[in-house]
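Heads up, final_26.cif below (mmCIF, C-alpha atoms):
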```
data_start
#
loop_
_atom_site.group_PDB
_atom_site.id
_atom_site.type_symbol
_atom_site.label_atom_id
_atom_site.label_comp_id
_atom_site.auth_asym_id
_atom_site.auth_seq_id
_atom_site.Cartn_x
_atom_site.Cartn_y
_atom_site.Cartn_z
ATOM 1 C CA MET A 1 -7.139 12.499 -1.036
ATOM 2 C CA VAL A 2 -9.225 9.368 -1.470
ATOM 3 C CA LEU A 3 -8.023 6.438 -3.562
ATOM 4 C CA THR A 4 -10.877 4.125 -4.519
ATOM 5 C CA ALA A 5 -10.193 0.739 -6.061
ATOM 6 C CA ASP A 6 -11.311 -2.852 -6.218
ATOM 7 C CA PRO A 7 -9.812 -4.910 -3.363
ATOM 8 C CA ALA A 8 -8.242 -7.286 -5.923
ATOM 9 C CA SER A 9 -6.426 -4.458 -7.734
ATOM 10 C CA GLN A 10 -2.830 -3.292 -7.424
ATOM 11 C CA SER A 11 -3.914 -0.125 -5.569
ATOM 12 C CA GLU A 12 -1.434 -0.865 -2.779
ATOM 13 C CA LEU A 13 1.313 0.255 -5.167
ATOM 14 C CA PHE A 14 -0.055 3.802 -4.873
ATOM 15 C CA VAL A 15 -0.232 3.556 -1.099
ATOM 16 C CA ASN A 16 3.361 2.303 -1.039
ATOM 17 C CA ALA A 17 4.523 5.168 -3.273
ATOM 18 C CA PHE A 18 2.768 7.613 -0.968
ATOM 19 C CA THR A 19 4.590 6.284 2.114
ATOM 20 C CA VAL A 20 7.932 6.367 0.310
ATOM 21 C CA ALA A 21 7.455 10.039 -0.565
ATOM 22 C CA HIS A 22 6.531 11.230 2.934
ATOM 23 C CA GLU A 23 7.277 10.601 6.581
ATOM 24 C CA THR A 24 4.023 8.805 7.360
ATOM 25 C CA GLN A 25 1.641 7.909 10.160
ATOM 26 C CA TYR A 26 0.033 4.724 8.764
ATOM 27 C CA LEU A 27 -3.295 3.612 10.258
ATOM 28 C CA THR A 28 -4.260 0.078 9.281
ATOM 29 C CA THR A 29 -7.825 -1.029 9.929
ATOM 30 C CA VAL A 30 -7.718 -4.485 8.345
ATOM 31 C CA ARG A 31 -4.166 -5.818 8.092
ATOM 32 C CA SER A 32 -1.923 -6.370 11.082
ATOM 33 C CA ALA A 33 0.843 -3.870 11.818
ATOM 34 C CA ASP A 34 3.402 -6.664 11.309
ATOM 35 C CA SER A 35 1.969 -7.430 7.868
ATOM 36 C CA VAL A 36 2.116 -3.768 6.841
ATOM 37 C CA THR A 37 5.671 -3.457 8.183
ATOM 38 C CA ARG A 38 6.840 -6.497 6.168
ATOM 39 C CA TRP A 39 5.125 -5.149 3.041
ATOM 40 C CA LEU A 40 6.672 -1.686 3.389
ATOM 41 C CA GLU A 41 10.126 -3.213 3.915
ATOM 42 C CA GLU A 42 9.983 -5.195 0.650
ATOM 43 C CA PRO A 43 12.598 -4.313 -1.982
ATOM 44 C CA THR A 44 9.971 -2.444 -4.065
ATOM 45 C CA ALA A 45 9.782 0.218 -1.343
ATOM 46 C CA GLU A 46 12.780 2.055 -2.803
ATOM 47 C CA GLY A 47 14.041 4.932 -0.722
ATOM 48 C CA ALA A 48 11.427 4.394 1.967
ATOM 49 C CA THR A 49 11.059 7.138 4.523
ATOM 50 C CA SER A 50 10.061 6.762 8.140
ATOM 51 C CA THR A 51 6.642 5.192 8.652
ATOM 52 C CA ARG A 52 4.907 4.724 12.008
ATOM 53 C CA ILE A 53 2.226 2.054 11.898
ATOM 54 C CA LEU A 54 -0.813 1.928 14.165
ATOM 55 C CA GLU A 55 -3.144 -1.051 13.978
ATOM 56 C CA THR A 56 -6.520 0.471 14.852
ATOM 57 C CA THR A 57 -8.323 -2.885 15.124
ATOM 58 C CA LYS A 58 -6.167 -3.988 18.075
ATOM 59 C CA ARG A 59 -7.272 -1.050 20.181
ATOM 60 C CA GLY A 60 -11.018 -1.806 20.330
ATOM 61 C CA ASP A 61 -12.867 1.175 18.897
ATOM 62 C CA ALA A 62 -11.336 1.753 15.432
ATOM 63 C CA VAL A 63 -12.693 5.313 15.173
ATOM 64 C CA ALA A 64 -11.272 6.326 18.565
ATOM 65 C CA SER A 65 -7.934 4.712 17.655
ATOM 66 C CA ALA A 66 -7.869 6.490 14.302
ATOM 67 C CA ARG A 67 -8.679 9.788 16.007
ATOM 68 C CA ARG A 68 -5.695 9.274 18.367
ATOM 69 C CA GLY A 69 -3.462 8.212 15.471
ATOM 70 C CA ILE A 70 -4.153 11.240 13.311
ATOM 71 C CA ARG A 71 -2.886 13.480 16.107
ATOM 72 C CA SER A 72 0.608 12.129 15.354
ATOM 73 C CA ILE A 73 0.959 13.249 11.735
ATOM 74 C CA PRO A 74 4.587 14.291 11.261
ATOM 75 C CA ARG A 75 5.120 17.988 10.469
ATOM 76 C CA GLY A 76 5.009 18.243 6.663
ATOM 77 C CA GLY A 77 4.337 14.514 6.532
ATOM 78 C CA ALA A 78 1.440 12.262 5.706
ATOM 79 C CA VAL A 79 -1.239 10.081 7.173
ATOM 80 C CA VAL A 80 -2.549 6.968 5.440
ATOM 81 C CA ILE A 81 -5.798 5.289 6.437
ATOM 82 C CA ASP A 82 -5.876 1.795 4.972
ATOM 83 C CA SER A 83 -8.655 0.964 4.556
ATOM 84 C CA ALA A 84 -11.696 3.147 5.105
ATOM 85 C CA GLY A 85 -14.245 0.312 5.259
ATOM 86 C CA PRO A 86 -14.244 -0.423 9.008
ATOM 87 C CA LEU A 87 -14.334 3.284 9.826
ATOM 88 C CA GLU A 88 -17.183 3.884 7.373
ATOM 89 C CA ALA A 89 -19.247 1.237 9.198
ATOM 90 C CA VAL A 90 -20.108 3.650 12.026
ATOM 91 C CA THR A 91 -22.907 6.221 12.068
ATOM 92 C CA PRO A 92 -22.581 9.039 9.529
ATOM 93 C CA SER A 93 -22.385 11.723 12.248
ATOM 94 C CA ARG A 94 -19.544 9.913 14.029
ATOM 95 C CA TYR A 95 -17.704 9.334 10.764
ATOM 96 C CA ARG A 96 -18.188 12.959 9.675
ATOM 97 C CA SER A 97 -16.607 14.030 12.976
ATOM 98 C CA LEU A 98 -13.615 11.756 12.304
ATOM 99 C CA LEU A 99 -13.195 13.220 8.812
ATOM 100 C CA ALA A 100 -13.292 16.747 10.268
ATOM 101 C CA SER A 101 -10.603 15.777 12.806
ATOM 102 C CA LEU A 102 -8.517 14.263 10.010
ATOM 103 C CA SER A 103 -8.821 17.411 7.903
ATOM 104 C CA ASP A 104 -7.859 19.619 10.850
ATOM 105 C CA ALA A 105 -4.870 17.413 11.771
ATOM 106 C CA VAL A 106 -3.573 17.359 8.186
ATOM 107 C CA ALA A 107 -3.900 21.163 7.934
ATOM 108 C CA GLU A 108 -2.200 21.683 11.313
ATOM 109 C CA ALA A 109 0.713 19.435 10.288
ATOM 110 C CA ASP A 110 0.882 21.132 6.871
ATOM 111 C CA GLY A 111 0.757 17.592 5.567
ATOM 112 C CA VAL A 112 -1.212 15.358 3.255
ATOM 113 C CA GLY A 113 -3.660 12.540 3.833
ATOM 114 C CA LEU A 114 -4.618 9.457 1.868
ATOM 115 C CA ILE A 115 -7.695 7.363 2.552
ATOM 116 C CA HIS A 116 -7.540 3.993 0.803
ATOM 117 C CA ALA A 117 -11.211 3.256 0.146
ATOM 118 C CA LEU A 118 -11.670 -0.176 -1.342
ATOM 119 C CA GLY A 119 -14.899 -0.679 -3.220
ATOM 120 C CA THR A 120 -17.500 -3.316 -3.740
ATOM 121 C CA ASP A 121 -19.880 -4.019 -6.580
ATOM 122 C CA GLY A 122 -22.815 -2.867 -4.466
ATOM 123 C CA PRO A 123 -24.097 0.647 -3.861
ATOM 124 C CA ARG A 124 -21.887 3.076 -1.960
ATOM 125 C CA SER A 125 -22.762 3.537 1.698
ATOM 126 C CA ARG A 126 -23.705 6.918 3.174
ATOM 127 C CA CYS A 127 -20.300 7.085 4.825
ATOM 128 C CA ARG A 128 -18.493 6.290 1.547
ATOM 129 C CA LEU A 129 -20.375 9.192 0.001
ATOM 130 C CA LEU A 130 -19.127 11.358 2.900
ATOM 131 C CA THR A 131 -15.560 10.159 2.288
ATOM 132 C CA GLU A 132 -15.760 11.254 -1.343
ATOM 133 C CA GLN A 133 -17.657 14.463 -0.644
ATOM 134 C CA VAL A 134 -15.249 15.735 2.019
ATOM 135 C CA ALA A 135 -12.072 14.819 0.105
ATOM 136 C CA ASP A 136 -10.376 17.497 -1.961
ATOM 137 C CA VAL A 137 -9.161 14.883 -4.449
ATOM 138 C CA VAL A 138 -10.782 11.598 -5.460
ATOM 139 C CA VAL A 139 -8.676 9.182 -7.492
ATOM 140 C CA ARG A 140 -10.225 5.994 -8.816
ATOM 141 C CA LEU A 141 -8.218 3.013 -10.037
ATOM 142 C CA GLU A 142 -10.282 1.038 -12.527
ATOM 143 C CA THR A 143 -9.112 -2.489 -13.308
ATOM 144 C CA THR A 144 -10.567 -4.465 -16.205
ATOM 145 C CA VAL A 145 -9.696 -8.149 -16.487
ATOM 146 C CA THR A 146 -10.242 -10.063 -19.718
ATOM 147 C CA ASP A 147 -8.994 -13.419 -20.963
ATOM 148 C CA ALA A 148 -6.163 -11.615 -22.739
ATOM 149 C CA SER A 149 -5.141 -8.813 -20.382
ATOM 150 C CA VAL A 150 -5.408 -6.830 -17.195
ATOM 151 C CA GLU A 151 -5.913 -3.146 -17.947
ATOM 152 C CA ASN A 152 -5.608 -0.397 -15.359
ATOM 153 C CA ARG A 153 -6.785 3.173 -15.728
ATOM 154 C CA LEU A 154 -6.507 5.998 -13.261
ATOM 155 C CA VAL A 155 -9.450 8.394 -13.222
ATOM 156 C CA VAL A 156 -9.492 11.662 -11.288
ATOM 157 C CA PRO A 157 -13.151 12.729 -11.194
ATOM 158 C CA LYS A 158 -12.596 15.330 -8.459
ATOM 159 C CA ALA A 159 -9.695 17.630 -7.725
ATOM 160 C CA ARG A 160 -10.919 20.617 -5.742
ATOM 161 C CA GLY A 161 -8.933 23.744 -6.524
ATOM 162 C CA ILE A 162 -6.695 22.176 -9.162
ATOM 163 C CA GLY A 163 -9.145 20.672 -11.674
ATOM 164 C CA ALA A 164 -9.936 17.066 -12.428
ATOM 165 C CA LEU A 165 -8.483 15.152 -15.372
ATOM 166 C CA ASP A 166 -10.725 14.930 -18.406
ATOM 167 C CA VAL A 167 -9.333 11.597 -19.630
ATOM 168 C CA PRO A 168 -8.253 8.417 -17.821
ATOM 169 C CA ILE A 169 -4.540 7.652 -17.536
ATOM 170 C CA LYS A 170 -3.508 4.183 -18.724
ATOM 171 C CA LEU A 171 -1.191 2.426 -16.277
ATOM 172 C CA ALA A 172 1.002 -0.657 -16.224
ATOM 173 C CA LEU A 173 0.916 -2.017 -12.677
ATOM 174 C CA THR A 174 3.295 -4.834 -11.849
ATOM 175 C CA ASP A 175 5.748 -4.151 -9.036
ATOM 176 C CA ARG A 176 5.526 -0.371 -9.564
ATOM 177 C CA VAL A 177 3.294 2.292 -11.109
ATOM 178 C CA VAL A 178 4.163 3.126 -14.731
ATOM 179 C CA VAL A 179 2.171 5.298 -17.130
ATOM 180 C CA ASP A 180 1.433 3.125 -20.179
ATOM 181 C CA ALA A 181 1.818 5.241 -23.318
ATOM 182 C CA SER A 182 2.445 2.248 -25.607
ATOM 183 C CA ARG A 183 -1.032 2.306 -27.156
ATOM 184 C CA ASP A 184 -1.397 6.073 -27.458
ATOM 185 C CA ILE A 185 -1.639 7.177 -31.069
ATOM 186 C CA ALA A 186 -0.686 10.809 -31.583
#
```

Using structure tokens, write down the structure that the file contains.
Amino acid sequence: MVLTADPASQSELFVNAFTVAHETQYLTTVRSADSVTRWLEEPTAEGATSTRILETTKRGDAVASARRGIRSIPRGGAVVIDSAGPLEAVTPSRYRSLLASLSDAVAEADGVGLIHALGTDGPRSRCRLLTEQVADVVVRLETTVTDASVENRLVVPKARGIGALDVPIKLALTDRVVVDASRDIA
């Protein structure tokens, strides 16, 4: 699964919920392992399960570190790659190979994977297109900021084998993820 979002959004709430639900191998490419550990230990991480954190940037080659890290997905557990940007900066053939290794490791562990792919206002790179093409599920968090409000919608444009959603889901994102049905008129 790929979660795309603006870097200034509350998308980390989804990543946090993912780690709470599964024993997780967490690969961080931007933040330090200590920073991720502190964040996951915050009171909002209710019922947190075991999470092993690997800081891929400290080990030189981020792709090689990620490749080593995905070998340690817990049986029936999860792997989180947060965020995809530094890994997507390599050549498309090298990145495609990493995605294939990730897919194989997730299948072998009978687990799940989440790639946190933060976006920019510019065009998507060739490797970002690969990220979205290879993923079975693409979830996009859209955040609209006005003078009066911050509105969040979750869009699922791709869900291979299970069907994508045909309408966005309104969300209230503060310290947790809540579906906002307050403005729905039946």

Contacts of segment 129-133 of chain A at 10 Å (only C-alpha atoms; same-chain gap of 6+ positions) as a PyMOL selection string: chain A and resi 1-4+84+88+92-93+95-96+99+115+117+139+158

Would you mind exporting C-alpha atoms of the selected residues as a CSV table (one decimal), keeping the file's coordinate frame?
```csv
chain,number,residue,atom,x,y,z
A,1,MET,CA,-7.1,12.5,-1.0
A,2,VAL,CA,-9.2,9.4,-1.5
A,3,LEU,CA,-8.0,6.4,-3.6
A,4,THR,CA,-10.9,4.1,-4.5
A,84,ALA,CA,-11.7,3.1,5.1
A,88,GLU,CA,-17.2,3.9,7.4
A,92,PRO,CA,-22.6,9.0,9.5
A,93,SER,CA,-22.4,11.7,12.2
A,95,TYR,CA,-17.7,9.3,10.8
A,96,ARG,CA,-18.2,13.0,9.7
A,99,LEU,CA,-13.2,13.2,8.8
A,115,ILE,CA,-7.7,7.4,2.6
A,117,ALA,CA,-11.2,3.3,0.1
A,139,VAL,CA,-8.7,9.2,-7.5
A,158,LYS,CA,-12.6,15.3,-8.5
```

Residues near segment 71-73 of chain A, cut-off 12 Å, only C-alpha atoms, skip fewer than 3 positions along chain, as a ChimeraX atom specification: /A:22-27,50-54,64-68,76-81,98,101-114

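Note that atom CA of Ala89 of chain A and atom CA of Phe18 of chain A are 25.1 Å apart.
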
Among listed residues A:Asp136, A:Glu55, A:Asp180, A:Glu142, nearest Gly161 of chain A (using all atoms listed in the file): A:Asp136

Atomic distance atom CA of Val167 of chain A - atom CA of Glu151 of chain A, expressed in Å with one decimal: 15.2 Å

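Counting from atom CA of Thr56 of chain A, the distance to atom CA of Val30 of chain A is 8.3 Å.
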
Expansion of the PyMOL selection byres ((chain A and resi 144) around 12) into residues, as JSON, numbers by chain: {"A": [5, 6, 8, 9, 10, 141, 142, 143, 145, 146, 147, 148, 149, 150, 151, 152, 153, 154, 170, 171]}

Store the residues picked out above in a file with C-alpha atoms, as a compact mmCIF listing (two decimals), keeping the file's coordinate frame.
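And here is the file that came out, again-v2.txt:
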```
# COMPACT_ATOMS: atom_id res chain seq x y z
CA ALA A 5 -10.19 0.74 -6.06
CA ASP A 6 -11.31 -2.85 -6.22
CA ALA A 8 -8.24 -7.29 -5.92
CA SER A 9 -6.43 -4.46 -7.73
CA GLN A 10 -2.83 -3.29 -7.42
CA LEU A 141 -8.22 3.01 -10.04
CA GLU A 142 -10.28 1.04 -12.53
CA THR A 143 -9.11 -2.49 -13.31
CA VAL A 145 -9.70 -8.15 -16.49
CA THR A 146 -10.24 -10.06 -19.72
CA ASP A 147 -8.99 -13.42 -20.96
CA ALA A 148 -6.16 -11.62 -22.74
CA SER A 149 -5.14 -8.81 -20.38
CA VAL A 150 -5.41 -6.83 -17.20
CA GLU A 151 -5.91 -3.15 -17.95
CA ASN A 152 -5.61 -0.40 -15.36
CA ARG A 153 -6.78 3.17 -15.73
CA LEU A 154 -6.51 6.00 -13.26
CA LYS A 170 -3.51 4.18 -18.72
CA LEU A 171 -1.19 2.43 -16.28
```
